[in-house]
Each structure stands twice: as structure tokens, then as C-alpha cells.
>>> print(open('work-v2.cif').read())   # mmCIF, C-alpha atoms and all ligand atoms
data_start
#
loop_
_atom_site.label_atom_id
_atom_site.label_comp_id
_atom_site.auth_asym_id
_atom_site.auth_seq_id
_atom_site.Cartn_x
_atom_site.Cartn_y
_atom_site.Cartn_z
CA MET A 1 120.71 89.96 124.11
CA ASN A 2 117.50 88.67 122.56
CA GLN A 3 115.58 90.11 125.44
CA GLU A 4 116.24 93.64 124.33
CA ILE A 5 112.96 93.64 122.45
CA ASN A 6 110.14 92.62 124.71
CA PRO A 7 106.57 92.77 123.41
CA TRP A 8 105.11 93.43 126.86
CA SER A 9 107.45 96.12 128.13
CA SER A 10 106.26 99.69 128.49
CA GLN A 11 109.74 101.06 127.82
CA PRO A 12 110.04 103.27 124.76
CA THR A 13 111.86 101.37 122.06
CA VAL A 14 115.60 101.61 121.68
CA ASP A 15 117.51 102.93 118.69
CA ILE A 16 115.71 101.50 115.69
CA GLU A 17 118.59 101.33 113.20
CA LYS A 18 120.83 99.57 115.69
CA LEU A 19 118.14 96.98 116.31
CA PHE A 20 117.67 96.50 112.59
CA SER A 21 121.29 95.61 111.95
CA GLU A 22 121.42 93.45 115.04
CA PHE A 23 118.36 91.40 114.19
CA GLY A 24 118.63 91.23 110.44
CA ILE A 25 115.72 93.51 109.56
CA GLU A 26 116.24 95.11 106.13
CA PRO A 27 115.52 98.73 105.17
CA ILE A 28 112.21 99.01 103.31
CA SER A 29 113.75 101.37 100.74
CA GLU A 30 115.44 98.36 99.15
CA VAL A 31 112.16 96.83 98.01
CA THR A 32 109.87 99.78 97.35
CA ASP A 33 111.07 100.01 93.73
CA ILE A 34 109.19 96.80 92.97
CA LEU A 35 105.87 98.33 94.05
CA PRO A 36 103.68 99.88 91.34
CA GLU A 37 102.78 102.65 93.81
CA VAL A 38 104.65 103.59 97.00
CA PRO A 39 102.20 104.34 99.82
CA TYR A 40 102.65 107.46 101.93
CA PHE A 41 103.67 105.48 105.00
CA MET A 42 106.71 104.15 103.15
CA ARG A 43 107.41 107.41 101.30
CA ARG A 44 107.41 109.43 104.52
CA GLY A 45 109.75 107.10 106.40
CA ILE A 46 107.11 105.76 108.80
CA VAL A 47 107.40 102.15 107.71
CA VAL A 48 111.14 101.68 107.70
CA GLY A 49 112.05 98.00 107.89
CA HIS A 50 110.99 94.58 106.71
CA ARG A 51 111.69 90.88 106.62
CA ASP A 52 111.12 89.22 103.26
CA TYR A 53 108.81 91.96 101.95
CA GLY A 54 110.21 91.29 98.46
CA GLN A 55 107.82 88.36 98.02
CA ILE A 56 104.89 90.64 98.91
CA ALA A 57 105.99 93.46 96.59
CA ASP A 58 106.35 90.86 93.81
CA ALA A 59 102.85 89.52 94.50
CA ILE A 60 101.41 93.05 94.37
CA ARG A 61 103.25 93.81 91.16
CA HIS A 62 102.32 90.55 89.42
CA LYS A 63 98.85 90.35 90.93
CA THR A 64 99.46 86.92 92.46
CA PRO A 65 97.82 85.85 95.74
CA PHE A 66 99.05 87.11 99.08
CA HIS A 67 97.62 87.59 102.56
CA ILE A 68 97.84 90.52 104.95
CA LEU A 69 97.25 89.89 108.64
CA THR A 70 97.66 91.84 111.81
CA GLY A 71 96.33 91.73 115.32
CA PHE A 72 95.19 94.06 118.07
CA MET A 73 95.25 93.37 121.76
CA PRO A 74 91.98 94.66 123.26
CA SER A 75 93.48 95.95 126.49
CA GLY A 76 91.98 99.45 126.15
CA HIS A 77 90.16 101.75 123.75
CA PRO A 78 91.74 102.10 120.30
CA HIS A 79 93.49 105.46 119.77
CA LEU A 80 95.51 107.38 117.20
CA GLY A 81 98.51 105.14 117.89
CA HIS A 82 96.70 102.21 116.27
CA LEU A 83 95.69 104.01 113.12
CA LEU A 84 98.84 103.44 111.11
CA VAL A 85 98.78 99.65 111.15
CA MET A 86 95.09 99.76 110.29
CA LYS A 87 95.82 101.90 107.25
CA GLU A 88 98.64 99.56 106.22
CA VAL A 89 96.20 96.66 106.24
CA VAL A 90 93.58 98.56 104.26
CA TRP A 91 96.18 99.60 101.67
CA HIS A 92 97.41 96.03 101.19
CA VAL A 93 93.85 94.78 100.74
CA ILE A 94 93.34 97.40 98.03
CA GLN A 95 96.55 96.12 96.42
CA GLY A 96 94.99 92.66 96.14
CA GLY A 97 95.82 91.04 99.49
CA SER A 98 93.29 88.89 101.31
CA GLY A 99 92.81 90.54 104.69
CA TYR A 100 92.76 89.01 108.18
CA ILE A 101 92.38 90.80 111.48
CA THR A 102 92.76 89.01 114.78
CA ILE A 103 91.54 90.40 118.07
CA ALA A 104 94.04 89.07 120.58
CA ASP A 105 91.64 88.61 123.47
CA ARG A 106 93.56 85.57 124.72
CA GLU A 107 96.65 87.74 125.06
CA ALA A 108 94.77 90.60 126.72
CA HIS A 109 93.21 88.19 129.21
CA ALA A 110 96.40 86.21 129.89
CA VAL A 111 98.93 89.03 130.00
CA ARG A 112 96.91 92.10 130.99
CA GLU A 113 94.19 90.36 133.00
CA ILE A 114 91.42 92.07 131.06
CA PRO A 115 88.03 90.44 131.80
CA TRP A 116 86.46 88.73 128.77
CA ARG A 117 83.52 91.13 128.65
CA LEU A 118 85.86 94.10 128.27
CA CYS A 119 88.02 92.26 125.71
CA ASP A 120 84.85 91.92 123.73
CA GLU A 121 83.86 95.55 124.04
CA TYR A 122 87.31 96.92 123.13
CA GLY A 123 87.75 94.35 120.38
CA ARG A 124 84.56 95.50 118.70
CA GLU A 125 85.77 99.11 118.83
CA TYR A 126 88.95 98.12 117.00
CA LEU A 127 86.92 96.37 114.35
CA LYS A 128 84.67 99.40 113.95
CA CYS A 129 87.73 101.58 113.32
CA LEU A 130 88.99 99.17 110.68
CA PHE A 131 85.68 99.04 108.86
CA ALA A 132 85.42 102.83 109.10
CA LEU A 133 88.75 103.01 107.24
CA GLY A 134 87.29 100.82 104.50
CA TYR A 135 88.68 97.44 105.57
CA GLU A 136 87.30 94.47 103.70
CA GLY A 137 88.30 91.01 104.82
CA LYS A 138 88.01 88.49 107.62
CA THR A 139 88.06 89.24 111.33
CA TYR A 140 88.02 86.96 114.36
CA PHE A 141 88.53 86.87 118.12
CA GLN A 142 91.27 84.40 119.13
CA SER A 143 89.17 82.85 121.89
CA ARG A 144 86.34 81.96 119.52
CA ASN A 145 88.29 80.49 116.63
CA ASP A 146 88.56 76.72 117.06
CA ARG A 147 90.64 76.12 113.94
CA LEU A 148 93.08 78.73 115.16
CA LYS A 149 93.36 76.94 118.49
CA ASP A 150 94.01 73.62 116.69
CA LEU A 151 96.72 75.29 114.65
CA ALA A 152 98.23 76.74 117.83
CA PHE A 153 98.40 73.22 119.26
CA GLU A 154 100.13 71.94 116.13
CA ALA A 155 102.57 74.87 116.25
CA SER A 156 103.29 74.12 119.91
CA THR A 157 104.84 70.79 118.88
CA LYS A 158 107.72 72.84 117.42
CA VAL A 159 108.45 75.19 120.35
CA ASN A 160 110.03 74.32 123.69
CA PHE A 161 110.42 76.18 126.97
CA SER A 162 114.07 77.03 126.51
CA GLU A 163 113.20 78.82 123.27
CA LEU A 164 110.50 80.85 125.06
CA GLN A 165 112.97 81.60 127.79
CA SER A 166 115.62 82.88 125.42
CA ILE A 167 113.25 84.88 123.21
CA TYR A 168 110.97 86.39 125.86
CA GLY A 169 112.82 85.92 129.10
CA PHE A 170 110.14 83.57 130.43
CA SER A 171 111.00 82.06 133.78
CA PRO A 172 109.72 79.04 135.73
CA ASP A 173 106.99 81.20 137.24
CA THR A 174 105.65 82.62 133.99
CA ALA A 175 101.98 81.67 133.68
CA LEU A 176 101.26 78.92 131.21
CA ALA A 177 98.53 81.14 129.73
CA HIS A 178 101.23 83.60 128.73
CA ALA A 179 103.00 80.89 126.75
CA LEU A 180 99.64 79.89 125.23
CA SER A 181 99.01 83.45 124.11
CA VAL A 182 102.41 83.45 122.37
CA ILE A 183 101.68 80.24 120.49
CA THR A 184 98.23 81.61 119.63
CA GLN A 185 99.91 84.59 117.97
CA VAL A 186 102.15 82.21 116.03
CA ALA A 187 98.98 80.48 114.86
CA ASP A 188 97.39 83.85 113.98
CA ILE A 189 100.24 84.61 111.62
CA LEU A 190 100.00 81.23 109.90
CA TYR A 191 96.20 81.10 109.95
CA PRO A 192 95.45 82.75 106.57
CA GLN A 193 97.47 80.03 104.84
CA VAL A 194 95.35 77.34 106.50
CA ASP A 195 92.02 79.13 106.19
CA SER A 196 92.56 79.98 102.54
CA GLU A 197 95.65 78.73 100.67
CA PRO A 198 99.41 78.83 101.17
CA ALA A 199 100.62 82.22 99.93
CA PRO A 200 103.08 84.88 101.07
CA THR A 201 101.68 86.66 104.13
CA VAL A 202 102.72 90.07 105.38
CA VAL A 203 102.32 91.12 109.00
CA PRO A 204 102.68 94.86 109.64
CA VAL A 205 103.82 95.45 113.21
CA GLY A 206 105.84 97.69 115.49
CA ILE A 207 109.37 96.56 116.26
CA ASP A 208 108.27 95.26 119.67
CA GLN A 209 106.45 92.40 117.94
CA ASP A 210 109.53 91.17 116.10
CA PRO A 211 110.21 88.33 118.59
CA HIS A 212 106.84 86.83 117.58
CA ILE A 213 107.70 87.22 113.91
CA ARG A 214 111.05 85.46 114.34
CA LEU A 215 109.48 82.66 116.34
CA THR A 216 106.73 82.20 113.74
CA ARG A 217 109.14 82.17 110.83
CA GLY A 218 111.02 79.37 112.57
CA VAL A 219 107.83 77.40 113.26
CA ALA A 220 106.60 77.83 109.66
CA HIS A 221 109.86 76.36 108.46
CA LYS A 222 109.80 73.49 110.97
CA LEU A 223 106.25 72.55 109.94
CA ARG A 224 107.29 72.06 106.30
CA MET A 225 107.87 68.53 104.98
CA PHE A 226 110.52 69.67 102.52
CA THR A 227 113.20 72.26 102.10
CA VAL A 228 114.16 73.28 98.60
CA GLU A 229 117.77 74.34 98.14
CA GLU A 230 119.68 75.69 95.20
CA ARG A 231 122.93 73.76 94.62
CA ASP A 232 125.60 74.01 92.00
CA GLY A 233 123.74 73.17 88.77
CA TYR A 234 120.72 71.48 90.34
CA ILE A 235 117.93 71.92 92.87
CA SER A 236 117.81 69.70 95.92
CA VAL A 237 114.53 68.82 97.65
CA ARG A 238 115.31 67.57 101.13
CA SER A 239 112.86 65.74 103.30
CA LYS A 240 112.59 66.97 106.87
CA ASN A 241 109.88 64.61 108.02
CA ALA A 242 108.02 63.88 104.81
CA PRO A 243 106.42 60.45 104.42
CA ALA A 244 108.49 58.23 102.08
CA LYS A 245 105.68 58.33 99.55
CA ALA A 246 105.83 62.13 99.35
CA LEU A 247 109.53 62.15 98.49
CA GLU A 248 108.82 59.46 95.90
CA ASP A 249 106.17 61.78 94.37
CA VAL A 250 108.76 64.56 94.07
CA HIS A 251 111.10 62.17 92.27
CA ARG A 252 108.31 61.16 89.89
CA ALA A 253 107.25 64.75 89.19
CA PHE A 254 110.69 65.52 87.72
CA PRO A 255 111.91 63.11 85.05
CA GLY A 256 115.71 63.02 85.14
CA SER A 257 115.85 63.65 88.89
CA LYS A 258 117.86 61.39 91.18
CA LYS A 259 116.47 60.04 94.43
CA TYR A 260 118.73 59.48 97.43
CA GLU A 261 118.12 58.62 101.06
CA GLY A 262 116.20 61.69 102.28
CA HIS A 263 116.55 63.93 99.23
CA VAL A 264 115.89 64.26 95.51
CA ASP A 265 118.27 66.18 93.23
CA ILE A 266 116.76 67.87 90.19
CA PRO A 267 118.79 69.19 87.27
CA GLY A 268 117.50 71.64 84.66
CA SER A 269 114.77 73.32 86.71
CA THR A 270 114.38 76.52 88.70
CA CYS A 271 114.06 76.90 92.42
CA SER A 272 110.66 78.57 92.16
CA ASP A 273 109.21 75.85 89.87
CA VAL A 274 110.48 73.10 92.12
CA SER A 275 109.23 74.90 95.25
CA ALA A 276 105.74 75.22 93.79
CA ILE A 277 105.51 71.52 92.94
CA ALA A 278 107.06 70.42 96.25
CA ARG A 279 104.43 72.53 98.01
CA GLU A 280 101.60 70.88 96.03
CA ILE A 281 102.92 67.45 96.89
CA GLU A 282 103.26 68.42 100.54
CA LEU A 283 99.63 69.57 100.60
CA SER A 284 98.42 66.39 98.95
CA HIS A 285 100.07 64.44 101.78
CA GLY A 286 98.34 66.47 104.47
CA GLY A 287 101.16 68.97 105.07
CA PHE A 288 100.82 72.74 105.45
CA GLY A 289 103.09 73.97 102.64
CA PHE A 290 103.65 77.27 104.47
CA PHE A 291 105.37 80.24 102.92
CA THR A 292 107.62 81.81 105.55
CA PRO A 293 105.73 84.95 106.64
CA SER A 294 107.00 88.46 105.92
CA SER A 295 106.74 91.56 108.09
CA THR A 296 107.06 95.32 108.00
CA TYR A 297 108.18 97.54 110.88
CA HIS A 298 107.10 101.10 111.49
CA ARG A 299 108.29 103.86 113.72
CA PHE A 300 105.98 104.60 116.62
CA ILE A 301 104.06 107.85 116.65
CA PRO A 302 105.22 109.68 119.80
CA GLY A 303 102.77 110.48 122.56
CA LEU A 304 101.56 114.08 122.87
CA GLN A 305 103.84 114.42 125.88
CA GLY A 306 106.88 113.30 123.90
CA GLY A 307 107.25 109.76 125.30
CA LYS A 308 105.37 106.67 124.27
CA MET A 309 101.78 106.92 123.02
CA SER A 310 100.06 104.48 125.33
CA SER A 311 96.65 104.02 126.95
CA SER A 312 98.38 103.87 130.31
CA ILE A 313 99.33 107.58 129.91
CA PRO A 314 96.01 109.35 129.20
CA GLU A 315 97.66 112.70 128.26
CA SER A 316 99.70 110.93 125.57
CA ILE A 317 96.80 109.67 123.49
CA ILE A 318 93.72 110.85 121.66
CA THR A 319 90.96 108.27 121.52
CA PHE A 320 88.28 108.34 118.87
CA GLN A 321 85.47 109.12 121.29
CA GLU A 322 87.11 111.95 123.21
CA PRO A 323 85.07 115.21 123.53
CA ASP A 324 86.33 118.08 121.33
CA GLU A 325 87.29 120.24 124.28
CA ALA A 326 89.49 117.52 125.77
CA VAL A 327 91.19 116.97 122.41
CA ARG A 328 91.87 120.69 122.03
CA LYS A 329 93.25 120.89 125.54
CA LYS A 330 95.63 117.95 125.07
CA ILE A 331 96.97 119.37 121.83
CA MET A 332 97.45 122.86 123.26
CA ALA A 333 99.35 121.29 126.19
CA ALA A 334 101.47 119.01 123.99
CA PHE A 335 105.23 118.88 123.97
CA THR A 336 106.65 120.39 120.76
CA GLY A 337 109.90 120.90 118.92
CA GLY A 338 109.89 124.58 119.96
CA ARG A 339 112.84 126.47 121.50
CA PRO A 340 113.03 127.71 125.10
CA THR A 341 112.25 131.34 124.14
CA LEU A 342 110.29 133.04 121.40
CA ALA A 343 113.34 135.03 120.32
CA GLU A 344 115.41 131.89 119.96
CA GLN A 345 112.70 130.19 117.98
CA LYS A 346 112.37 133.13 115.59
CA GLU A 347 116.08 133.04 115.02
CA LEU A 348 116.79 129.30 114.93
CA GLY A 349 113.42 127.94 113.84
CA GLY A 350 111.70 124.95 115.45
CA GLU A 351 112.64 121.26 115.28
CA PRO A 352 109.74 119.58 113.46
CA ASP A 353 111.37 116.17 113.19
CA LYS A 354 111.45 115.94 116.98
CA CYS A 355 107.97 117.37 117.44
CA PRO A 356 105.08 115.05 118.38
CA LEU A 357 102.61 117.43 116.72
CA PHE A 358 104.52 117.64 113.47
CA LEU A 359 104.74 113.85 113.49
CA LEU A 360 101.01 113.62 114.13
CA ASN A 361 100.51 115.70 110.98
CA LEU A 362 103.03 113.58 109.10
CA PHE A 363 101.51 110.27 110.19
CA HIS A 364 97.84 111.10 109.75
CA MET A 365 96.55 114.62 109.53
CA VAL A 366 98.04 116.06 106.33
CA GLU A 367 97.59 113.96 103.22
CA ASP A 368 99.13 116.31 100.73
CA ASP A 369 102.94 116.09 100.59
CA SER A 370 103.42 119.72 99.54
CA GLU A 371 101.18 120.99 102.35
CA LEU A 372 103.23 118.96 104.82
CA ASP A 373 106.45 120.37 103.38
CA GLU A 374 105.11 123.86 103.78
CA ILE A 375 104.31 123.26 107.46
CA ARG A 376 107.80 121.89 107.98
CA ASN A 377 109.44 124.83 106.24
CA ARG A 378 107.38 127.43 108.10
CA CYS A 379 108.49 125.78 111.34
CA LEU A 380 112.16 125.42 110.35
CA SER A 381 112.41 129.02 109.22
CA GLY A 382 110.99 130.40 112.44
CA GLU A 383 108.02 131.84 110.58
CA MET A 384 105.40 129.77 112.40
CA MET A 385 105.41 129.54 116.19
CA CYS A 386 104.17 126.56 118.16
CA GLY A 387 100.99 128.30 119.38
CA GLN A 388 99.78 128.84 115.84
CA CYS A 389 100.77 125.35 114.74
CA LYS A 390 98.97 123.83 117.73
CA LYS A 391 95.76 125.65 116.82
CA GLU A 392 95.95 124.52 113.21
CA THR A 393 96.77 120.95 114.21
CA ALA A 394 93.89 120.87 116.70
CA GLU A 395 91.49 121.94 113.94
CA ARG A 396 92.79 119.21 111.63
CA VAL A 397 92.48 116.58 114.34
CA LEU A 398 88.93 117.66 115.24
CA GLU A 399 87.88 117.58 111.62
CA PHE A 400 89.41 114.13 111.23
CA LEU A 401 87.62 112.88 114.36
CA ARG A 402 84.23 114.25 113.31
CA ASP A 403 84.48 112.52 109.97
CA PHE A 404 85.86 109.30 111.49
CA ARG A 405 83.17 109.04 114.15
CA GLY A 406 80.51 109.40 111.49
CA LYS A 407 82.12 106.56 109.58
CA MET A 408 82.39 104.40 112.70
CA ASP A 409 78.67 104.82 113.37
CA ALA A 410 77.87 103.94 109.78
CA VAL A 411 79.74 100.60 109.92
CA GLU A 412 78.42 99.43 113.29
CA HIS A 413 76.41 96.68 111.56
CA LEU A 414 79.56 95.14 110.03
CA VAL A 415 80.94 94.20 113.42
CA SER A 416 79.48 90.82 114.12
CA LEU A 417 80.06 88.62 117.14
N1 LIG B 501 100.61 90.90 120.29
C1 LIG B 501 99.97 91.92 119.52
C2 LIG B 501 99.90 93.20 120.39
O1 LIG B 501 100.40 93.22 121.46
C3 LIG B 501 98.62 91.52 119.02
C4 LIG B 501 98.61 90.36 118.06
C5 LIG B 501 98.05 89.15 118.28
C6 LIG B 501 99.18 90.32 116.75
N2 LIG B 501 98.18 88.34 117.18
C7 LIG B 501 98.87 89.03 116.23
C8 LIG B 501 99.91 91.23 115.97
C9 LIG B 501 99.30 88.63 114.97
C10 LIG B 501 100.33 90.82 114.71
C11 LIG B 501 100.02 89.53 114.22
O2 LIG B 501 99.33 94.16 119.99
#
>>> encode(input="work-v2.cif", output="C-alpha cells", more="lines below")
Ligand code: TRP
Amino acid sequence: MNQEINPWSSQPTVDIEKLFSEFGIEPISEVTDILPEVPYFMRRGIVVGHRDYGQIADAIRHKTPFHILTGFMPSGHPHLGHLLVMKEVVWHVIQGGSGYITIADREAHAVREIPWRLCDEYGREYLKCLFALGYEGKTYFQSRNDRLKDLAFEASTKVNFSELQSIYGFSPDTALAHALSVITQVADILYPQVDSEPAPTVVPVGIDQDPHIRLTRGVAHKLRMFTVEERDGYISVRSKNAPAKALEDVHRAFPGSKKYEGHVDIPGSTCSDVSAIAREIELSHGGFGFFTPSSTYHRFIPGLQGGKMSSSIPESIITFQEPDEAVRKKIMAAFTGGRPTLAEQKELGGEPDKCPLFLLNLFHMVEDDSELDEIRNRCLSGEMMCGQCKKETAERVLEFLRDFRGKMDAVEHLVSL
């Protein structure tokens, strides 16, 4: 059952709501109220689900520290399908998050057999896109980050083969490098808390990456020395593998607490106060003090042909370096939410919510909500036909690309080795 979501499959993803209820992903609409400002990608129903985003929304609202991290696998040129996650990262940095971008060259090399030289070239293109969007924060390539690799090793003490088998369907002939790339991603997600300080960390991803998120949340928990639990009338700090001295320190930090074999019970305090002090004590004894990472899940932008947007289907994507004529041609040939005949479309109207081009406008090309509404209404009412809409969309995309390429050139110097 767990194998229904596989990060390396090229299958289009299954019914998103069903997956959410099955895997315990919550609807994002339940936490957006906390945010001082709801970004367009949540407002427009692009980012739809989350795990534990409440702690991130709280941090944004109260201006307390948090991290935002995501990763890109350099297995081809970046394209419009990657833009959303990039914008999510940039937005969270503006909201006060400390930013981290990982280029998953280990994964690209291990799973997609991309030569290192190409990983490097593609990776730098991704970084250029991010900087062009205004990203400020840290960036690294997995293969060149020694502290990351040490953290991956530490994380690997908490994961065994049967877990990899049940999460990813690994078999006895799965390459060891594939397993290493998984544990490297676990380390990526925990890395900001080691590089900087323990703090809530949000990882924006597509639903296909959820297995990695679940695995990492488990590892983060297993690497803690303590768990803090709310009981009836008191807080219990339980040692998982804390040194005896660390548990003693917890006892001493709370006058009136009672120390037992393996746990300390604390009356008259709150869970969040006790958690903060337990974390400090853990750190002072050489522990990690990890916050369990959070995630958001977005819908995928459909390919221009209606299926998945993927580098392996050239007609489905628009890359950032594509010549204008090719872009125009792909858009004019795109699948739409139009009806079989003109007469039918005039009478019934089009189906924008199923239309890759409308969704392209919704995801990226039309910033103004009322302009987007107008496009939707003109389509629904049968007033605007697909030919006209395609032309207008092509112009928007070309204008976006001209501007974006200029920005990419201007930030070339920010992409270091
Ligand atoms: N596996 C991701 C992909 O296929 C890339 C990735 C590597 C990543 N490390 C990450 C994504 C950490 C999110 C967080 O694109």
C-alpha cells in the first residue's frame, strides 16, 4: 500500500484527496488563517496539503526562527514545472525563513545515471533560476557537502533495509547508491537545523516526495534524546537514549519535578516551555534537538499535452532557454479544455479547470486575481475560443521568458561552485 507513491515513477499521480486521507496529510486551508498574508499559491488552490505547517505559520506570525529547504534533482534543464516550488521558497524567505537549496546530484547520478559534469551544469541552471526569482539563502550540491554526508551517515543508523523495502519497494538488487541517495535526502531535510540552529523547517514538495518526508520525520524523532509528553496534570520528559547526566539536568532544571527510571515528571509547566529546555539540555550533551520537519504539497502543473509535465516528454514542457518560435508552436499545439466543435463550445463554454493553458495562467502567468477570473469567465461563457486564448497565453509566456532570461543573466555571478 505504501508503494502507491513512488518518488521515481513517471506515472501521473493518483487522486490527490484520496492520498491525503490515506497518508494523514492535512488540508492547507486549516492553517492559512494563522498567516498574516496568504500567498497566491495557497489562495488559488495550488498548494493544497501539509504536515505540521502550523508550527511554520506560527513562526511567520510571531517572527520566530524557521528554516525553508527544498531540493532539485539535476537530471535535465529546469522548466516551468519547477517554478512553483522555487516561488514557495522565495516567499518563505521573505516571510523570515532562513533558506536552503540542495542540488541533489547524488540522486541524479545514482538513480538517473547522469554524469557528474552534467549534474553540475544542470544544477547551476536551477540555481540561476532561483536567484533570478530573488532567492537569498544558502545553496549546496549534495556531493560536495561533507557535513551533509556525515549527517547522512548518522541518520543511516536509524534506518534499516526492511523500512526502505516497505516505503520504496527496494529489493535485494536495488543499488546501494540508491539507498545512499535516500539517506542523503533525509540529511538534506535535517541539515538546516545542524548548520544553523534547531528550528521548525518546512519542505515544499510535490506529493511524490512524501515518502522521503515521512521517513525523515521518523528519523528526526529517533535521533532525539528525549520525548516530551503531556499527561494528566503534568509534563513527562522521557529518555530515549539520553545519557544519565542529561536526564538528571532535566530534573534539576525544574524544581518540584520527580525523577524516575528513564523519565522525569514535571507539574505546573507547559509542554512548550519544557520542550524548549529539554532541547537546550539535549544540545548541551551533544544531541541534535531536532524539530520534526514540516512539509507542504502542491498540485502538479499539467504538461502542455495534458499529461505530466516532464523533461522526458519535450512537447509537455517549456524550458527557460527555448526559442520564441518553439514556445509559440508548443502553446498553439497544446491540449485545452475546449469542446469538440466550435458550435458546442459557443453554447456550453470551455472547461478551464481541466485546461493545461488555463492552469499555466493560474500557476504563473497572470498575477492579478480579477484578470484571471475574467479569463475564466470568458472561457466558461463561450465568449472566448481556444485559438484566441492560446495567442494571448503565448504572448504572456513570451513576455515572462524575456524578462526571466534577463534576470537569469544578471545573477550569473551569484552561482558559485
Ligand atoms: N528527490 C527530490 C527530487 O526528485 C530532490 C531532493 C533532494 C529534495 N533532496 C531534497 C527535495 C530535499 C526536497 C527536500 O526532485
>>> closest_residue(input="work-v2.cif", among="A:Glu248, A:Glu347, A:Glu125, A:Asp105", to="His285 (chain A)", atoms="all atoms listed in the file")
A:Glu248
>>> residues_near_ligand(input="work-v2.cif", ligand="ligand LIG 501 (chain B)", cutoff="8 Å", atoms="only C-alpha atoms and all ligand atoms", output="ChimeraX atom specification")
/A:7-8,69-73,102-104,107,182,184-186,188-189,203-205,209,212
>>> atom_distance(input="work-v2.cif", atom1="CA of Phe153 (chain A)", atom2="CA of Tyr126 (chain A)")
26.7 Å
>>> residues_around(input="work-v2.cif", residues="region 288-292 of chain A", least_positions_apart="6", cutoff="6 Å", atoms="all atoms listed in the file", output="mmCIF file with C-alpha atoms, keeping the file's coordinate frame")
data_model
loop_
_atom_site.group_PDB
_atom_site.id
_atom_site.type_symbol
_atom_site.label_atom_id
_atom_site.label_comp_id
_atom_site.auth_asym_id
_atom_site.auth_seq_id
_atom_site.Cartn_x
_atom_site.Cartn_y
_atom_site.Cartn_z
ATOM 1 C CA PRO A 198 99.410 78.830 101.170
ATOM 2 C CA ALA A 199 100.620 82.220 99.930
ATOM 3 C CA PRO A 200 103.080 84.880 101.070
ATOM 4 C CA ARG A 217 109.140 82.170 110.830
ATOM 5 C CA ALA A 220 106.600 77.830 109.660
ATOM 6 C CA ARG A 224 107.290 72.060 106.300
ATOM 7 C CA ARG A 279 104.430 72.530 98.010
ATOM 8 C CA GLU A 282 103.260 68.420 100.540
#
>>> atom_distance(input="work-v2.cif", atom1="CA of Asp373 (chain A)", atom2="CA of Tyr40 (chain A)")
13.5 Å
>>> residues_around(input="work-v2.cif", residues="Asp353 (chain A)", least_positions_apart="6", cutoff="9 Å", atoms="all atoms listed in the file", output="ChimeraX atom specification")
/A:337,359,376
>>> write_last_selection(input="work-v2.cif", atoms="C-alpha atoms", output="JSON list (two decimals), in the coordinates of the input")
[["chain", "number", "residue", "atom", "x", "y", "z"],
["A", 337, "GLY", "CA", 109.90, 120.90, 118.92],
["A", 359, "LEU", "CA", 104.74, 113.85, 113.49],
["A", 376, "ARG", "CA", 107.80, 121.89, 107.98]]
>>> atom_distance(input="work-v2.cif", atom1="CA of Phe161 (chain A)", atom2="CA of Arg51 (chain A)")
25.1 Å
>>> closest_residue(input="work-v2.cif", among="A:His263, A:Leu80, A:Gly286, A:Ile281", to="Leu304 (chain A)", atoms="only C-alpha atoms")
A:Leu80
>>> closest_residue(input="work-v2.cif", among="A:Leu83, A:Lys128, A:Glu136, A:Phe20", to="Gln95 (chain A)", atoms="all atoms listed in the file")
A:Glu136
>>> closest_residue(input="work-v2.cif", among="A:Ser21, A:Asp369, A:Ile235, A:Ala244", to="Val264 (chain A)", atoms="all atoms listed in the file")
A:Ile235
>>> residues_around(input="work-v2.cif", residues="Ser171 (chain A)", least_positions_apart="6", cutoff="10 Å", atoms="only C-alpha atoms", output="VMD selection string")
chain A and resid 161 to 162 164 to 165
>>> residues_near_point(input="work-v2.cif", point="(107.3, 108.6, 115.6)", cutoff="8 Å", atoms="only C-alpha atoms", output="list in words")
Ile46, Arg299, Phe300, Ile301, Pro302, Pro356 and Leu359 of chain A
>>> residues_around(input="work-v2.cif", residues="Glu113 (chain A)", least_positions_apart="3", cutoff="12 Å", atoms="all atoms listed in the file", output="PDB file with C-alpha atoms, keeping the file's coordinate frame")
ATOM      1  CA  MET A  73      95.250  93.370 121.760  1.00  0.00           C
ATOM      2  CA  PRO A  74      91.980  94.660 123.260  1.00  0.00           C
ATOM      3  CA  SER A  75      93.480  95.950 126.490  1.00  0.00           C
ATOM      4  CA  GLY A  76      91.980  99.450 126.150  1.00  0.00           C
ATOM      5  CA  ASP A 105      91.640  88.610 123.470  1.00  0.00           C
ATOM      6  CA  ARG A 106      93.560  85.570 124.720  1.00  0.00           C
ATOM      7  CA  GLU A 107      96.650  87.740 125.060  1.00  0.00           C
ATOM      8  CA  ALA A 108      94.770  90.600 126.720  1.00  0.00           C
ATOM      9  CA  HIS A 109      93.210  88.190 129.210  1.00  0.00           C
ATOM     10  CA  ALA A 110      96.400  86.210 129.890  1.00  0.00           C
ATOM     11  CA  TRP A 116      86.460  88.730 128.770  1.00  0.00           C
ATOM     12  CA  ARG A 117      83.520  91.130 128.650  1.00  0.00           C
ATOM     13  CA  LEU A 118      85.860  94.100 128.270  1.00  0.00           C
ATOM     14  CA  CYS A 119      88.020  92.260 125.710  1.00  0.00           C
ATOM     15  CA  ALA A 175     101.980  81.670 133.680  1.00  0.00           C
ATOM     16  CA  ALA A 177      98.530  81.140 129.730  1.00  0.00           C
ATOM     17  CA  HIS A 178     101.230  83.600 128.730  1.00  0.00           C
TER      18      HIS A 178
END
>>> closest_residue(input="work-v2.cif", among="A:Ala59, A:Val111, A:Val219, A:Leu190", to="Asn160 (chain A)", atoms="all atoms listed in the file")
A:Val219
